[in-house]
Amino acid sequence: MSKFIGELIVKLVADDEAGLWELQQPFSYQSDVAGRTFTLPAGFRTDFCSVPRVVGVYDMLGDRARKSGAHHDGLYVSHEVPREMADQVLREMLLLDGVGHFEAEEFFLAVRVGGGSHWGPDPVAALTATGAMTLASHLAGGG
């Protein structure tokens with residue numbers, strides 16, 4: 001059964017328009033869609049669900065589903081699964097995170113259309129650039 005494991009405990013590290021948050025402890029998600037469990041390490045940095053600050057869109061979808069957004073960010077930088085699977089896992093998580101079916105589908109379609117530019121070719125470089133050294137070190141074989 002799909003479920004979040006543990007609590008999402010974060011600290012604000014960049015108070016700009018998007019906001020950047022750092023996990024203070026590991027946070028996991030068990031996915032039926034992917035058939036596996038994903039774990040974000042303490043120190044991982046996320047902006048949760050990045051939604052354009054367009055009038056109406058942010059009000060409808062922004063600043064919600066932080067658990068889902070954190071894990072989706074992790075999947076986009078780690079490439080633990082293909083992008084399409086990462087987006088399907090997002091939709092699955094959103095439903096557990098209290099988002100309705102219609103809105104979860106809107107999130108899913110938005111990341112399918114606009115998320116490609118955030119799917120980088122080198123997960124270790126992407127993690128290092130965002131300051132998530134713990135996971136970058138792990139992916140590089142150092143931890």
# chains A, B, ... in the order shown; residues from 1 in each chain; ligands from 1
call {"tool": "residues_around", "arguments": {"residues": "segment 37-49 of chain A", "least_positions_apart": "5", "cutoff": "6 Å", "atoms": "only C-alpha atoms", "output": "tab-separated table (two decimals) with C-alpha atoms, in the first residue's frame"}}
result
chain	number	residue	atom	x	y	z
A	19	GLY	CA	11.52	29.42	-1.20
A	20	LEU	CA	14.08	26.68	-0.68
A	21	TRP	CA	13.64	24.23	2.16
A	22	GLU	CA	16.06	21.67	3.62
A	23	LEU	CA	14.98	18.34	5.09
A	24	GLN	CA	16.06	17.98	8.70
A	25	GLN	CA	15.66	14.19	8.73
A	26	PRO	CA	15.19	11.42	6.15
A	27	PHE	CA	11.71	11.17	4.65
A	28	SER	CA	10.42	8.16	2.69
A	29	TYR	CA	7.59	7.22	0.36
A	30	GLN	CA	6.45	3.70	-0.50
A	31	SER	CA	4.97	3.67	-4.02
A	66	ARG	CA	4.58	19.59	0.22
A	69	GLY	CA	6.53	18.02	-4.03
A	70	ALA	CA	9.61	17.14	-2.00
A	132	ALA	CA	22.00	18.65	-1.59
call {"tool": "residues_around", "arguments": {"residues": "segment 84-92 of chain A", "least_positions_apart": "5", "cutoff": "8 Å", "atoms": "only C-alpha atoms", "output": "ChimeraX atom specification"}}
result
/A:31,33-34,68-69,71-72,75-76,104-105,107-108,111-112
call {"tool": "atom_distance", "arguments": {"atom1": "atom CA of Arg36 of chain A", "atom2": "atom CA of Phe4 of chain A"}}
result
12.1 Å
call {"tool": "atom_distance", "arguments": {"atom1": "atom CA of Lys3 of chain A", "atom2": "atom CA of Val99 of chain A"}}
result
14.3 Å
call {"tool": "atom_distance", "arguments": {"atom1": "atom CA of Ser117 of chain A", "atom2": "atom CA of Val13 of chain A"}}
result
23.7 Å
